[in-house]
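Note: the block below is target17.txt and it holds compact mmCIF, C-alpha atoms.
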```txt
# COMPACT_ATOMS: atom_id res chain seq x y z
CA MET A 1 0.00 0.00 0.00
CA SER A 2 1.34 3.45 -0.84
CA LYS A 3 1.86 6.18 1.72
CA THR A 4 -1.06 8.44 2.52
CA LYS A 5 -0.04 12.10 2.65
CA ILE A 6 -1.92 13.97 5.38
CA LEU A 7 -1.39 17.66 6.11
CA LEU A 8 -1.57 18.94 9.68
CA LEU A 9 -2.53 22.62 9.37
CA GLY A 10 -3.49 25.51 11.58
CA PRO A 11 -2.40 28.66 13.35
CA CYS A 12 0.83 29.08 15.27
CA GLU A 13 0.84 27.62 18.78
CA SER A 14 -2.21 25.44 18.23
CA GLY A 15 -0.50 22.15 19.12
CA LYS A 16 0.13 20.70 15.65
CA SER A 17 3.63 19.42 16.41
CA TYR A 18 2.52 18.02 19.75
CA ILE A 19 -0.25 16.05 18.01
CA ALA A 20 2.10 15.02 15.17
CA ASN A 21 4.67 13.70 17.65
CA PHE A 22 1.97 11.83 19.56
CA LEU A 23 0.38 10.21 16.50
CA SER A 24 3.72 9.19 15.02
CA GLU A 25 5.09 8.15 18.43
CA ALA A 26 8.04 10.48 17.79
CA PHE A 27 8.28 11.71 21.32
CA GLU A 28 11.19 13.97 21.98
CA ALA A 29 12.32 15.52 25.21
CA THR A 30 10.98 19.03 25.38
CA SER A 31 11.44 21.82 27.84
CA GLY A 32 7.76 22.69 27.63
CA ASN A 33 8.65 25.94 25.85
CA TYR A 34 7.10 26.71 22.49
CA ARG A 35 9.40 26.00 19.55
CA PRO A 36 7.86 26.97 16.21
CA THR A 37 8.12 24.63 13.25
CA HIS A 38 10.19 26.06 10.42
CA GLY A 39 8.44 25.39 7.11
CA VAL A 40 7.31 21.79 7.40
CA ARG A 41 8.27 18.57 9.19
CA ILE A 42 7.44 15.26 7.57
CA LEU A 43 6.86 12.32 9.89
CA GLU A 44 6.52 8.84 8.42
CA PHE A 45 4.88 6.08 10.44
CA GLU A 46 2.56 3.11 10.27
CA VAL A 47 -0.93 2.89 11.75
CA THR A 48 -2.30 -0.58 12.49
CA GLY A 49 -5.89 -1.53 13.14
CA VAL A 50 -7.31 0.55 10.29
CA THR A 51 -10.56 -0.85 8.88
CA VAL A 52 -10.82 -0.38 5.12
CA ASN A 53 -13.96 -1.72 3.44
CA GLY A 54 -14.57 -4.09 6.34
CA ARG A 55 -11.01 -5.47 6.46
CA MET A 56 -8.41 -4.71 9.10
CA THR A 57 -5.19 -3.43 7.61
CA ARG A 58 -2.25 -1.18 8.30
CA SER A 59 -1.55 2.14 6.67
CA ASP A 60 1.70 3.94 5.92
CA ILE A 61 1.32 7.63 6.72
CA GLU A 62 3.27 10.72 5.72
CA LEU A 63 2.15 13.37 8.19
CA TRP A 64 3.17 16.85 7.07
CA ASP A 65 3.34 19.12 10.14
CA VAL A 66 3.06 22.53 8.44
CA SER A 67 4.26 25.68 10.19
CA GLY A 68 1.53 28.13 11.12
CA ASP A 69 3.83 31.02 10.21
CA ARG A 70 2.60 32.78 7.07
CA ARG A 71 6.14 33.66 6.02
CA TYR A 72 6.26 30.13 4.54
CA GLU A 73 3.14 30.78 2.43
CA ALA A 74 5.15 30.74 -0.83
CA CYS A 75 5.83 27.04 -0.18
CA TRP A 76 2.19 26.11 0.40
CA PRO A 77 1.41 25.02 -3.20
CA ALA A 78 4.29 22.53 -3.06
CA VAL A 79 3.18 21.32 0.37
CA ALA A 80 -0.42 20.83 -0.81
CA LYS A 81 0.55 18.86 -3.93
CA ASP A 82 -0.68 15.26 -3.87
CA SER A 83 -2.15 15.50 -0.38
CA SER A 84 -4.88 13.00 0.48
CA ALA A 85 -6.30 14.64 3.58
CA ILE A 86 -6.10 17.49 6.06
CA VAL A 87 -6.23 17.57 9.84
CA PHE A 88 -6.95 21.18 10.80
CA VAL A 89 -5.73 21.97 14.31
CA TYR A 90 -6.57 25.03 16.37
CA ASN A 91 -6.82 26.07 20.00
CA PRO A 92 -10.51 26.78 20.79
CA ASP A 93 -9.45 28.98 23.71
CA VAL A 94 -7.87 31.45 21.26
CA ARG A 95 -10.73 33.12 19.36
CA THR A 96 -8.49 34.38 16.53
CA HIS A 97 -7.60 30.78 15.67
CA GLU A 98 -11.15 30.07 14.49
CA ARG A 99 -10.94 32.91 11.96
CA GLU A 100 -7.46 31.86 10.88
CA LEU A 101 -8.74 28.39 9.99
CA ASP A 102 -10.74 29.94 7.13
CA SER A 103 -7.49 31.04 5.48
CA TRP A 104 -6.01 27.56 5.88
CA HIS A 105 -9.15 26.06 4.37
CA THR A 106 -9.02 28.45 1.41
CA HIS A 107 -5.37 27.70 0.66
CA PHE A 108 -5.40 23.93 1.13
CA ALA A 109 -8.86 22.32 1.02
CA GLN A 110 -10.14 23.54 -2.34
CA ASP A 111 -9.23 20.31 -4.16
CA LEU A 112 -10.38 18.01 -1.36
CA ARG A 113 -13.82 16.86 -0.28
CA ASP A 114 -15.09 17.61 3.21
CA THR A 115 -14.81 13.87 3.95
CA GLN A 116 -11.05 14.20 3.45
CA CYS A 117 -10.81 16.70 6.30
CA ILE A 118 -11.23 16.74 10.06
CA VAL A 119 -10.80 19.48 12.67
CA PHE A 120 -9.06 18.92 15.99
CA ALA A 121 -10.09 21.62 18.47
CA HIS A 122 -7.01 21.00 20.56
CA GLN A 123 -7.02 22.01 24.20
CA LYS A 124 -3.67 22.77 25.76
CA PRO A 125 -2.75 21.12 29.07
CA SER A 126 -3.39 24.37 30.93
CA ALA A 127 -6.88 24.77 29.39
CA PRO A 128 -9.97 24.87 31.60
CA ALA A 129 -11.57 21.46 32.17
CA SER A 130 -14.86 22.57 30.61
CA LYS A 131 -15.85 21.75 27.05
CA PRO A 132 -14.94 24.70 24.78
CA ASP A 133 -17.41 26.52 22.59
CA ILE A 134 -16.82 25.91 18.88
CA TYR A 135 -17.51 28.79 16.48
CA LEU A 136 -16.21 27.73 13.07
CA SER A 137 -17.36 29.30 9.81
CA GLY A 138 -19.68 27.69 7.27
CA ALA A 139 -16.65 26.34 5.37
CA PHE A 140 -16.36 23.77 8.18
CA SER A 141 -20.07 22.95 8.50
CA LYS A 142 -19.70 19.47 6.95
CA ILE A 143 -16.25 18.72 8.36
CA PRO A 144 -16.22 16.74 11.61
CA THR A 145 -14.82 18.63 14.60
CA VAL A 146 -13.33 16.73 17.51
CA ILE A 147 -12.24 18.22 20.83
CA THR A 148 -8.81 16.83 21.65
CA ASN A 149 -6.76 16.95 24.81
CA LEU A 150 -3.66 14.77 24.96
CA GLU A 151 -3.28 15.24 28.71
CA GLU A 152 -6.84 14.23 29.58
CA ASP A 153 -7.61 11.54 26.97
CA PRO A 154 -4.77 10.60 24.62
CA ASP A 155 -6.49 7.36 23.57
CA ALA A 156 -9.46 9.33 22.22
CA VAL A 157 -7.13 11.34 19.96
CA ARG A 158 -5.58 8.17 18.52
CA ILE A 159 -9.03 6.56 18.08
CA GLU A 160 -10.42 9.64 16.29
CA PHE A 161 -7.40 9.74 13.97
CA THR A 162 -7.67 6.01 13.21
CA ASN A 163 -11.42 6.32 12.56
CA PHE A 164 -10.78 9.28 10.24
CA LEU A 165 -8.10 7.25 8.47
CA SER A 166 -10.50 4.32 8.06
CA ARG A 167 -13.16 6.54 6.47
CA LEU A 168 -10.56 8.24 4.26
CA LEU A 169 -8.92 5.04 3.01
CA SER A 170 -12.28 3.35 2.43
CA ALA A 171 -13.43 6.31 0.32
CA MET A 172 -10.14 6.33 -1.60
CA SER A 173 -10.42 2.59 -2.23
CA GLU A 174 -14.02 2.91 -3.46
CA LYS A 175 -13.04 5.77 -5.77
CA ARG A 176 -10.14 3.77 -7.18
CA GLU A 177 -12.41 0.74 -7.75
CA GLN A 178 -15.01 2.92 -9.50
CA GLU A 179 -12.32 4.39 -11.75
CA GLU A 180 -11.19 0.87 -12.67
CA ILE A 181 -14.77 -0.14 -13.46
CA ASN A 182 -15.19 2.96 -15.63
CA ILE A 183 -11.99 2.12 -17.53
CA MET A 184 -13.14 -1.47 -18.07
CA ASN A 185 -16.57 -0.28 -19.23
CA SER A 186 -15.07 2.24 -21.64
CA ARG A 187 -12.99 -0.52 -23.24
CA ASP A 188 -16.14 -2.53 -23.89
CA LEU A 189 -17.67 0.26 -26.01
```
Conversion result in structure tokens:
Amino acid sequence: MSKTKILLLGPCESGKSYIANFLSEAFEATSGNYRPTHGVRILEFEVTGVTVNGRMTRSDIELWDVSGDRRYEACWPAVAKDSSAIVFVYNPDVRTHERELDSWHTHFAQDLRDTQCIVFAHQKPSAPASKPDIYLSGAFSKIPTVITNLEEDPDAVRIEFTNFLSRLLSAMSEKREQEEINIMNSRDL
């Protein structure tokens, strides 16, 4: 199976790298201080237990942890090329992040279906224990939004990502099968 390229996008200091490290099991010793990503980091890893069309399988992932700094915007077309999905990440406790997601959606999600996207409303460890209010624009109305907190419930984050991956890979497999059927049918004409 080929690698699935998934972009991890969102504003600065939303927790993208923290989530990327967790999902890829690339834990590194950190001081707890914020260290911005420069450009993009690509993490390659395997996810097991993915259900695709009713069968359990594994999936090879290329997770592109994209910097939230707009000074790298000139590189965004190259980053977006051949991407299969997007995980939008933002901090729901920072109201400007919700508005910034619209810009990320405009730049990256135009060639993808809503089913190829998910939003992680990521709560930082210091966040209040209450469930945050979500105020995303209409561009995200059909994209699932999941509240994530790696300190409180890390298993839920992994489960949500694996479920998203299952839906994504099943849809990609069905599309590929339909394209093959269409090619076979066109040969019969």
Exercise: stretch 158-160 of chain A partners within 9 Å, only C-alpha atoms, chain neighbours under 3 positions left out, as a ChimeraX atom specification: /A:22-23,146,154-155,163-165
From the set A:Leu169, A:Leu9, A:Ile181, A:Ala156, which residue has the shortest atom-to-atom contact distance to A:Thr106, counting all atoms listed in the file? A:Leu9
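Proximity to A:Glu100 was assessed for A:Ser14, A:Asp153, A:Thr4, A:Ala85 counting all atoms listed in the file; the smallest distance is recorded for A:Ser14.
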Judged by all atoms listed in the file, the minimum distance to A:Ser103 among A:Met172, A:Ala139, A:Cys75, A:Val40 is found for A:Ala139
One decimal place gives the atom CA of A:Asp114-atom CA of A:Val50 separation as 20.0 Å
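As for atom CA of A:Gln123 and atom CA of A:Arg41, they are spaced 21.7 Å apart.
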Would you mind putting back all heavy atoms on stretch 64-75 of chain A, then writing it out as an mmCIF file, in the coordinates of the input?
```cif
data_model
loop_
_atom_site.group_PDB
_atom_site.id
_atom_site.type_symbol
_atom_site.label_atom_id
_atom_site.label_comp_id
_atom_site.auth_asym_id
_atom_site.auth_seq_id
_atom_site.Cartn_x
_atom_site.Cartn_y
_atom_site.Cartn_z
ATOM 1 N N TRP A 64 2.461 15.600 7.336
ATOM 2 C CA TRP A 64 3.170 16.850 7.070
ATOM 3 C C TRP A 64 2.728 17.884 8.102
ATOM 4 O O TRP A 64 1.619 18.400 8.028
ATOM 5 C CB TRP A 64 2.893 17.333 5.655
ATOM 6 C CG TRP A 64 3.521 16.481 4.590
ATOM 7 C CD1 TRP A 64 3.459 15.118 4.479
ATOM 8 C CD2 TRP A 64 4.292 16.939 3.489
ATOM 9 N NE1 TRP A 64 4.146 14.708 3.371
ATOM 10 C CE2 TRP A 64 4.669 15.802 2.744
ATOM 11 C CE3 TRP A 64 4.704 18.191 3.055
ATOM 12 C CZ2 TRP A 64 5.437 15.891 1.591
ATOM 13 C CZ3 TRP A 64 5.459 18.281 1.900
ATOM 14 C CH2 TRP A 64 5.829 17.137 1.185
ATOM 15 N N ASP A 65 3.580 18.146 9.065
ATOM 16 C CA ASP A 65 3.340 19.120 10.140
ATOM 17 C C ASP A 65 3.768 20.487 9.599
ATOM 18 O O ASP A 65 4.944 20.814 9.577
ATOM 19 C CB ASP A 65 4.157 18.701 11.362
ATOM 20 C CG ASP A 65 4.085 19.682 12.513
ATOM 21 O OD1 ASP A 65 3.194 20.561 12.508
ATOM 22 O OD2 ASP A 65 4.939 19.575 13.414
ATOM 23 N N VAL A 66 2.791 21.262 9.137
ATOM 24 C CA VAL A 66 3.060 22.530 8.440
ATOM 25 C C VAL A 66 3.106 23.683 9.437
ATOM 26 O O VAL A 66 2.218 23.830 10.280
ATOM 27 C CB VAL A 66 1.968 22.794 7.374
ATOM 28 C CG1 VAL A 66 2.227 24.090 6.626
ATOM 29 C CG2 VAL A 66 1.872 21.614 6.405
ATOM 30 N N SER A 67 4.127 24.503 9.322
ATOM 31 C CA SER A 67 4.260 25.680 10.190
ATOM 32 C C SER A 67 3.047 26.589 10.044
ATOM 33 O O SER A 67 2.528 26.792 8.947
ATOM 34 C CB SER A 67 5.523 26.458 9.817
ATOM 35 O OG SER A 67 5.561 27.681 10.527
ATOM 36 N N GLY A 68 2.624 27.159 11.150
ATOM 37 C CA GLY A 68 1.530 28.130 11.120
ATOM 38 C C GLY A 68 1.985 29.522 10.746
ATOM 39 O O GLY A 68 1.171 30.440 10.616
ATOM 40 N N ASP A 69 3.274 29.703 10.538
ATOM 41 C CA ASP A 69 3.830 31.020 10.210
ATOM 42 C C ASP A 69 3.613 31.318 8.723
ATOM 43 O O ASP A 69 4.058 30.579 7.854
ATOM 44 C CB ASP A 69 5.330 31.016 10.525
ATOM 45 C CG ASP A 69 5.950 32.394 10.499
ATOM 46 O OD1 ASP A 69 5.453 33.273 9.754
ATOM 47 O OD2 ASP A 69 6.943 32.585 11.220
ATOM 48 N N ARG A 70 2.946 32.417 8.454
ATOM 49 C CA ARG A 70 2.600 32.780 7.070
ATOM 50 C C ARG A 70 3.819 33.164 6.230
ATOM 51 O O ARG A 70 3.702 33.270 5.014
ATOM 52 C CB ARG A 70 1.568 33.900 7.074
ATOM 53 C CG ARG A 70 0.234 33.417 7.647
ATOM 54 C CD ARG A 70 -0.851 34.427 7.442
ATOM 55 N NE ARG A 70 -1.216 34.554 6.062
ATOM 56 C CZ ARG A 70 -2.216 33.903 5.465
ATOM 57 N NH1 ARG A 70 -2.923 33.048 6.141
ATOM 58 N NH2 ARG A 70 -2.502 34.122 4.200
ATOM 59 N N ARG A 71 4.975 33.318 6.832
ATOM 60 C CA ARG A 71 6.140 33.660 6.020
ATOM 61 C C ARG A 71 6.545 32.489 5.123
ATOM 62 O O ARG A 71 7.334 32.660 4.199
ATOM 63 C CB ARG A 71 7.314 34.110 6.889
ATOM 64 C CG ARG A 71 7.945 33.029 7.712
ATOM 65 C CD ARG A 71 9.108 33.584 8.502
ATOM 66 N NE ARG A 71 9.487 32.643 9.534
ATOM 67 C CZ ARG A 71 10.607 32.712 10.186
ATOM 68 N NH1 ARG A 71 11.452 33.670 9.933
ATOM 69 N NH2 ARG A 71 10.881 31.818 11.107
ATOM 70 N N TYR A 72 5.985 31.300 5.379
ATOM 71 C CA TYR A 72 6.260 30.130 4.540
ATOM 72 C C TYR A 72 5.168 29.927 3.471
ATOM 73 O O TYR A 72 5.141 28.913 2.793
ATOM 74 C CB TYR A 72 6.374 28.878 5.400
ATOM 75 C CG TYR A 72 7.498 28.962 6.405
ATOM 76 C CD1 TYR A 72 7.229 29.125 7.757
ATOM 77 C CD2 TYR A 72 8.820 28.903 5.999
ATOM 78 C CE1 TYR A 72 8.257 29.216 8.683
ATOM 79 C CE2 TYR A 72 9.856 28.995 6.918
ATOM 80 C CZ TYR A 72 9.557 29.156 8.254
ATOM 81 O OH TYR A 72 10.580 29.250 9.168
ATOM 82 N N GLU A 73 4.279 30.887 3.336
ATOM 83 C CA GLU A 73 3.140 30.780 2.430
ATOM 84 C C GLU A 73 3.550 30.488 0.983
ATOM 85 O O GLU A 73 2.842 29.784 0.264
ATOM 86 C CB GLU A 73 2.310 32.066 2.491
ATOM 87 C CG GLU A 73 0.992 31.992 1.803
ATOM 88 C CD GLU A 73 0.107 33.202 2.074
ATOM 89 O OE1 GLU A 73 0.439 34.009 2.981
ATOM 90 O OE2 GLU A 73 -0.909 33.337 1.389
ATOM 91 N N ALA A 74 4.693 30.982 0.542
ATOM 92 C CA ALA A 74 5.150 30.740 -0.830
ATOM 93 C C ALA A 74 5.376 29.246 -1.094
ATOM 94 O O ALA A 74 5.307 28.796 -2.235
ATOM 95 C CB ALA A 74 6.438 31.520 -1.107
ATOM 96 N N CYS A 75 5.601 28.492 -0.044
ATOM 97 C CA CYS A 75 5.830 27.040 -0.180
ATOM 98 C C CYS A 75 4.539 26.227 -0.147
ATOM 99 O O CYS A 75 4.556 25.029 -0.441
ATOM 100 C CB CYS A 75 6.736 26.554 0.950
ATOM 101 S SG CYS A 75 8.347 27.352 0.986
#
```
